[in-house]
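Everything below concerns the one structure shown next.
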Amino acid sequence: MAEADQRTRTIRVATYNIHGGVGIDRRFAPERIARVLKEIGADVVALQEVQTHAHLDTFEYLRAETGMNLIAAPTMKLGDGQFGNALLTRLPVTASTRIDLSLPGREPRVAIDATLDAGGTPLRVIATHLGLRPGERQIQIERLLDAVRAQPNLLTVLVGDLNEWFMSRRALRRLHEHFGEPPAPATFPSLLPLFALDRIWCSPESALRNVRVHRSRVARVASDHLGVVGEVATDN
């Protein structure tokens, strides 16, 4: 497990769509997701498509397996359980709320908006999973940017599955105008990644370093997405 590096004061941040714990072999195996999370060794990781069942609370299972603090944000009932997002972190959580991104007639969406104590430096992490339609994502991104601008002086990381397939989309341009344009390695589909659906942004842009995809053997099977990992310098 990685801890925050006290010499360089960096925090390892990741985002990972776990596909309900169902791998590309169509097998529900949350233990594989837990293994990938341990391999990544992030200090903060945003999860999308976390699904609970009558026989297993996946939120609590992953919290216990990683030993991290949990902020769960289920967005809807699905089958015999719930479905939504989560934030796992080794850092103390000093504040947490949700940003409502839901639109009428569409799947409910939220962003987890958490402030963490990164060794005395407040670190704001906004973790989300945006909608499937371009117009839906444009509205959701404007809501996210409004929230970010409300606290402009905080070191802020925006992470998640943006569901944006094409680099030229207006929604991405709006995020790049605010955060800059960090590396966006392909994460989907996991066996042969072609699309950069999962992303990390940081404000200030210079605080984000070493963005990469986690490509282990188990990660290629555990979900249809690969995780993205980056390092955030808190003394930037």
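Quick note on naming: the chains in the structure tokens go A, B, ... in the order shown, residues restart at 1 in each chain, and ligands are numbered from 1 in order of appearance.
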
Q) If you count only C-alpha atoms, which residues fall within 9 Å of Thr187 of chain A, apart from same-chain ones fewer than 4 positions away, as a PyMOL selection string? A) chain A and resi 192-198+213-214+224-228

**Q.** All residues 9 Å or closer to Ala73 of chain A, only C-alpha atoms, same chain fewer than 3 positions away omitted, as a ChimeraX atom specification
**A.** /A:83-87,98,110-112

Q: Can you work out which one of A:Thr234, A:Gln140, A:Thr58, A:Ser223 has the shortest atom-to-atom distance to Val22 of chain A, counting only C-alpha atoms?
A: A:Ser223

Q) Could you name the residues that touch Pro183 of chain A at 10 Å or less, counting only C-alpha atoms, but leaving out those on the same chain fewer than 6 positions away, as a list in words? A) Ala196, Arg199, Ile200, Trp201, Leu208, Arg209, Asn210, Val211, Arg212 and Gly230 of chain A

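If you look at atom CA of Ala222 of chain A and atom CA of Leu56 of chain A, they are 17.4 Å away from each other.
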
**Q.** d(atom CA of Thr97 of chain A, atom CA of Pro134 of chain A) in Å
**A.**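 Rounded to one decimal, the two atoms are 25.5 Å apart.
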
(Q) as a list in words, please: every residue in segment 113-157 of chain A that DSSP puts in strand (DSSP E). (A) Asp113, Ala114, Thr115, Leu116, Asp117, Ala118, Thr121, Pro122, Leu123, Arg124, Val125, Ile126, Ala127, Thr128, His129, Leu155, Thr156 and Val157 of chain A

Dump N, CA and C atoms for the selected residues as a PDB file, in the first residue's frame?
```pdb
ATOM      1  N   ASP A 113     -18.184  15.316  -3.237  1.00  0.00           N
ATOM      2  CA  ASP A 113     -17.342  16.507  -3.057  1.00  0.00           C
ATOM      3  C   ASP A 113     -16.754  16.438  -1.648  1.00  0.00           C
ATOM      4  N   ALA A 114     -15.504  15.995  -1.555  1.00  0.00           N
ATOM      5  CA  ALA A 114     -14.882  15.749  -0.247  1.00  0.00           C
ATOM      6  C   ALA A 114     -13.649  16.616  -0.065  1.00  0.00           C
ATOM      7  N   THR A 115     -13.456  17.102   1.146  1.00  0.00           N
ATOM      8  CA  THR A 115     -12.220  17.784   1.511  1.00  0.00           C
ATOM      9  C   THR A 115     -11.442  16.884   2.447  1.00  0.00           C
ATOM     10  N   LEU A 116     -10.189  16.630   2.090  1.00  0.00           N
ATOM     11  CA  LEU A 116      -9.338  15.713   2.832  1.00  0.00           C
ATOM     12  C   LEU A 116      -8.160  16.466   3.439  1.00  0.00           C
ATOM     13  N   ASP A 117      -7.625  15.934   4.512  1.00  0.00           N
ATOM     14  CA  ASP A 117      -6.450  16.520   5.159  1.00  0.00           C
ATOM     15  C   ASP A 117      -5.206  15.815   4.642  1.00  0.00           C
ATOM     16  N   ALA A 118      -4.497  16.461   3.718  1.00  0.00           N
ATOM     17  CA  ALA A 118      -3.290  15.891   3.111  1.00  0.00           C
ATOM     18  C   ALA A 118      -2.067  16.401   3.861  1.00  0.00           C
ATOM     19  N   THR A 121      -2.483  20.088   4.481  1.00  0.00           N
ATOM     20  CA  THR A 121      -2.958  20.825   3.308  1.00  0.00           C
ATOM     21  C   THR A 121      -4.349  20.326   2.938  1.00  0.00           C
ATOM     22  N   PRO A 122      -5.351  21.212   2.860  1.00  0.00           N
ATOM     23  CA  PRO A 122      -6.673  20.770   2.415  1.00  0.00           C
ATOM     24  C   PRO A 122      -6.623  20.343   0.949  1.00  0.00           C
ATOM     25  N   LEU A 123      -7.150  19.164   0.664  1.00  0.00           N
ATOM     26  CA  LEU A 123      -7.224  18.638  -0.691  1.00  0.00           C
ATOM     27  C   LEU A 123      -8.681  18.360  -1.002  1.00  0.00           C
ATOM     28  N   ARG A 124      -9.210  19.059  -1.990  1.00  0.00           N
ATOM     29  CA  ARG A 124     -10.596  18.848  -2.397  1.00  0.00           C
ATOM     30  C   ARG A 124     -10.624  17.830  -3.531  1.00  0.00           C
ATOM     31  N   VAL A 125     -11.440  16.788  -3.369  1.00  0.00           N
ATOM     32  CA  VAL A 125     -11.594  15.756  -4.394  1.00  0.00           C
ATOM     33  C   VAL A 125     -13.056  15.696  -4.794  1.00  0.00           C
ATOM     34  N   ILE A 126     -13.304  15.867  -6.082  1.00  0.00           N
ATOM     35  CA  ILE A 126     -14.654  15.750  -6.639  1.00  0.00           C
ATOM     36  C   ILE A 126     -14.654  14.529  -7.541  1.00  0.00           C
ATOM     37  N   ALA A 127     -15.470  13.542  -7.186  1.00  0.00           N
ATOM     38  CA  ALA A 127     -15.479  12.257  -7.886  1.00  0.00           C
ATOM     39  C   ALA A 127     -16.855  12.011  -8.481  1.00  0.00           C
ATOM     40  N   THR A 128     -16.902  11.659  -9.775  1.00  0.00           N
ATOM     41  CA  THR A 128     -18.199  11.568 -10.423  1.00  0.00           C
ATOM     42  C   THR A 128     -18.223  10.548 -11.547  1.00  0.00           C
ATOM     43  N   HIS A 129     -19.409  10.360 -12.093  1.00  0.00           N
ATOM     44  CA  HIS A 129     -19.668   9.497 -13.246  1.00  0.00           C
ATOM     45  C   HIS A 129     -20.768  10.187 -14.056  1.00  0.00           C
ATOM     46  N   LEU A 155      -6.669  23.442  -3.404  1.00  0.00           N
ATOM     47  CA  LEU A 155      -6.099  22.421  -4.276  1.00  0.00           C
ATOM     48  C   LEU A 155      -7.209  21.422  -4.585  1.00  0.00           C
ATOM     49  N   THR A 156      -7.554  21.272  -5.862  1.00  0.00           N
ATOM     50  CA  THR A 156      -8.748  20.528  -6.248  1.00  0.00           C
ATOM     51  C   THR A 156      -8.426  19.486  -7.309  1.00  0.00           C
ATOM     52  N   VAL A 157      -8.936  18.277  -7.090  1.00  0.00           N
ATOM     53  CA  VAL A 157      -8.815  17.195  -8.060  1.00  0.00           C
ATOM     54  C   VAL A 157     -10.225  16.799  -8.501  1.00  0.00           C
TER      55      VAL A 157
END
```

Need to verify the contact set: Ala14 of chain A, 7 Å, only C-alpha atoms, exclusion of same-chain residues closer than 2 positions in sequence. Can you return it as a PDB file with N, CA and C atoms, in the first residue's frame?
```
ATOM      1  N   ARG A  12      -1.132   9.933  -4.065  1.00  0.00           N
ATOM      2  CA  ARG A  12      -1.509   9.109  -5.213  1.00  0.00           C
ATOM      3  C   ARG A  12      -3.031   9.050  -5.313  1.00  0.00           C
ATOM      4  N   TYR A  16     -11.497   4.553 -10.981  1.00  0.00           N
ATOM      5  CA  TYR A  16     -11.665   3.190 -11.480  1.00  0.00           C
ATOM      6  C   TYR A  16     -13.152   2.855 -11.559  1.00  0.00           C
ATOM      7  N   ALA A  42      -3.401   3.422  -4.071  1.00  0.00           N
ATOM      8  CA  ALA A  42      -3.683   4.859  -4.047  1.00  0.00           C
ATOM      9  C   ALA A  42      -3.995   5.335  -2.631  1.00  0.00           C
ATOM     10  N   VAL A  44      -6.058   7.973  -2.475  1.00  0.00           N
ATOM     11  CA  VAL A  44      -7.443   8.373  -2.738  1.00  0.00           C
ATOM     12  C   VAL A  44      -7.864   7.698  -4.032  1.00  0.00           C
ATOM     13  N   VAL A  45      -9.002   6.995  -4.020  1.00  0.00           N
ATOM     14  CA  VAL A  45      -9.481   6.365  -5.252  1.00  0.00           C
ATOM     15  C   VAL A  45     -10.988   6.563  -5.375  1.00  0.00           C
ATOM     16  N   ALA A  46     -11.406   7.067  -6.549  1.00  0.00           N
ATOM     17  CA  ALA A  46     -12.816   7.214  -6.876  1.00  0.00           C
ATOM     18  C   ALA A  46     -13.285   5.961  -7.605  1.00  0.00           C
ATOM     19  N   GLY A 227      -8.080   1.308 -14.549  1.00  0.00           N
ATOM     20  CA  GLY A 227      -7.980   2.462 -13.668  1.00  0.00           C
ATOM     21  C   GLY A 227      -6.915   3.438 -14.147  1.00  0.00           C
ATOM     22  N   VAL A 228      -7.116   4.706 -13.828  1.00  0.00           N
ATOM     23  CA  VAL A 228      -6.126   5.754 -14.109  1.00  0.00           C
ATOM     24  C   VAL A 228      -5.561   6.216 -12.781  1.00  0.00           C
ATOM     25  N   VAL A 229      -4.231   6.441 -12.762  1.00  0.00           N
ATOM     26  CA  VAL A 229      -3.532   6.821 -11.539  1.00  0.00           C
ATOM     27  C   VAL A 229      -2.703   8.073 -11.818  1.00  0.00           C
ATOM     28  N   GLY A 230      -2.634   8.966 -10.850  1.00  0.00           N
ATOM     29  CA  GLY A 230      -1.785  10.152 -10.962  1.00  0.00           C
ATOM     30  C   GLY A 230      -1.236  10.543  -9.603  1.00  0.00           C
TER      31      GLY A 230
END
```

Q | Atom-to-atom span, atom CA of Val221 of chain A and atom CA of Leu91 of chain A, Å | A |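 Separation of atom CA of Val221 of chain A and atom CA of Leu91 of chain A: 28.9 Å.
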
**Q.** alpha helix (DSSP H) per DSSP on the backbone: members of segment 13-226 of chain A, as a ChimeraX atom specification
**A.** /A:30-40,58-66,134-149,170-179,219-222

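Excluding Arg137 of chain A itself and same-chain residues fewer than 6 positions from it, the residues having an atom within 10 Å of it are Leu101, His129, Leu130, Gly131, Arg143, Leu162, Asn163, Glu164, Arg170, Ala171 and Leu172 of chain A, counting only C-alpha atoms.
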
With N, CA and C atoms retained, export the selected residues as a CSV table (one decimal), in the first residue's frame.
```
chain,number,residue,atom,x,y,z
A,101,LEU,N,-26.2,16.0,-9.9
A,101,LEU,CA,-26.0,16.2,-11.4
A,101,LEU,C,-27.2,15.5,-12.1
A,129,HIS,N,-19.4,10.4,-12.1
A,129,HIS,CA,-19.7,9.5,-13.2
A,129,HIS,C,-20.8,10.2,-14.1
A,130,LEU,N,-20.4,10.7,-15.2
A,130,LEU,CA,-21.3,11.6,-16.0
A,130,LEU,C,-22.3,10.7,-16.8
A,131,GLY,N,-23.2,11.4,-17.4
A,131,GLY,CA,-24.3,10.8,-18.2
A,131,GLY,C,-23.9,10.3,-19.6
A,143,ARG,N,-22.3,22.4,-13.9
A,143,ARG,CA,-22.6,22.3,-12.5
A,143,ARG,C,-21.3,22.0,-11.7
A,162,LEU,N,-16.0,10.1,-17.2
A,162,LEU,CA,-16.7,11.2,-17.9
A,162,LEU,C,-17.6,10.7,-19.0
A,163,ASN,N,-17.5,9.5,-19.4
A,163,ASN,CA,-18.3,9.0,-20.5
A,163,ASN,C,-18.1,9.8,-21.8
A,164,GLU,N,-17.0,10.4,-22.0
A,164,GLU,CA,-16.8,11.2,-23.2
A,164,GLU,C,-15.8,10.5,-24.1
A,170,ARG,N,-17.4,19.5,-26.8
A,170,ARG,CA,-17.5,20.8,-26.1
A,170,ARG,C,-17.3,20.6,-24.6
A,171,ALA,N,-17.9,19.5,-24.1
A,171,ALA,CA,-17.8,19.3,-22.6
A,171,ALA,C,-16.3,19.2,-22.2
A,172,LEU,N,-15.5,18.4,-22.9
A,172,LEU,CA,-14.1,18.4,-22.6
A,172,LEU,C,-13.4,19.7,-22.7
```

Find the spatial neighbours of Phe59 of chain A, counting only C-alpha atoms, within a cut-off of 8 Å - ignore same-chain residues fewer than 2 positions away - and output them as a PDB file with C-alpha atoms, in the first residue's frame.
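This went into result_14.pdb:
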```pdb
ATOM      1  CA  VAL A  50     -20.346   0.012  -7.357  1.00  0.00           C
ATOM      2  CA  GLN A  51     -23.251  -2.406  -6.980  1.00  0.00           C
ATOM      3  CA  THR A  52     -24.446  -4.001  -3.756  1.00  0.00           C
ATOM      4  CA  ASP A  57     -22.551  -4.781   0.608  1.00  0.00           C
ATOM      5  CA  TYR A  61     -16.498  -5.084   1.429  1.00  0.00           C
ATOM      6  CA  LEU A  62     -14.047  -2.852  -0.443  1.00  0.00           C
ATOM      7  CA  ARG A  63     -13.625  -0.608   2.599  1.00  0.00           C
ATOM      8  CA  LEU A  70     -15.257   5.188   2.763  1.00  0.00           C
ATOM      9  CA  ALA A  72     -20.484   5.870  -0.318  1.00  0.00           C
ATOM     10  CA  ALA A  86     -17.705   5.707  -3.830  1.00  0.00           C
TER      11      ALA A  86
END
```

(Q) When you count only C-alpha atoms, which of these residues is closest to Leu154 of chain A: A:Arg173, A:Ser203, A:Ala184, A:Leu191? (A) A:Ser203

Q. Restricting the calculation to only C-alpha atoms, which member of A:Arg169, A:Arg220, A:Ala207, A:Gly20 is positioned closest to Asp235 of chain A?
A.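 Among the listed residues, the smallest separation from Asp235 of chain A belongs to A:Ala207.
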
Q: Might you pull out every residue within 8 Å of Arg90 of chain A, with only C-alpha atoms counted and same-chain residues fewer than 6 positions away left off, and present them as a PyMOL selection string?
A: chain A and resi 3+43-44+67-69

Q. Smallest atom-to-atom distance to Gly135 of chain A: which of A:Arg106, A:Glu49, A:Asp80, A:Ser190, using only C-alpha atoms?
A.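 Smallest separation from Gly135 of chain A among the options: A:Arg106.
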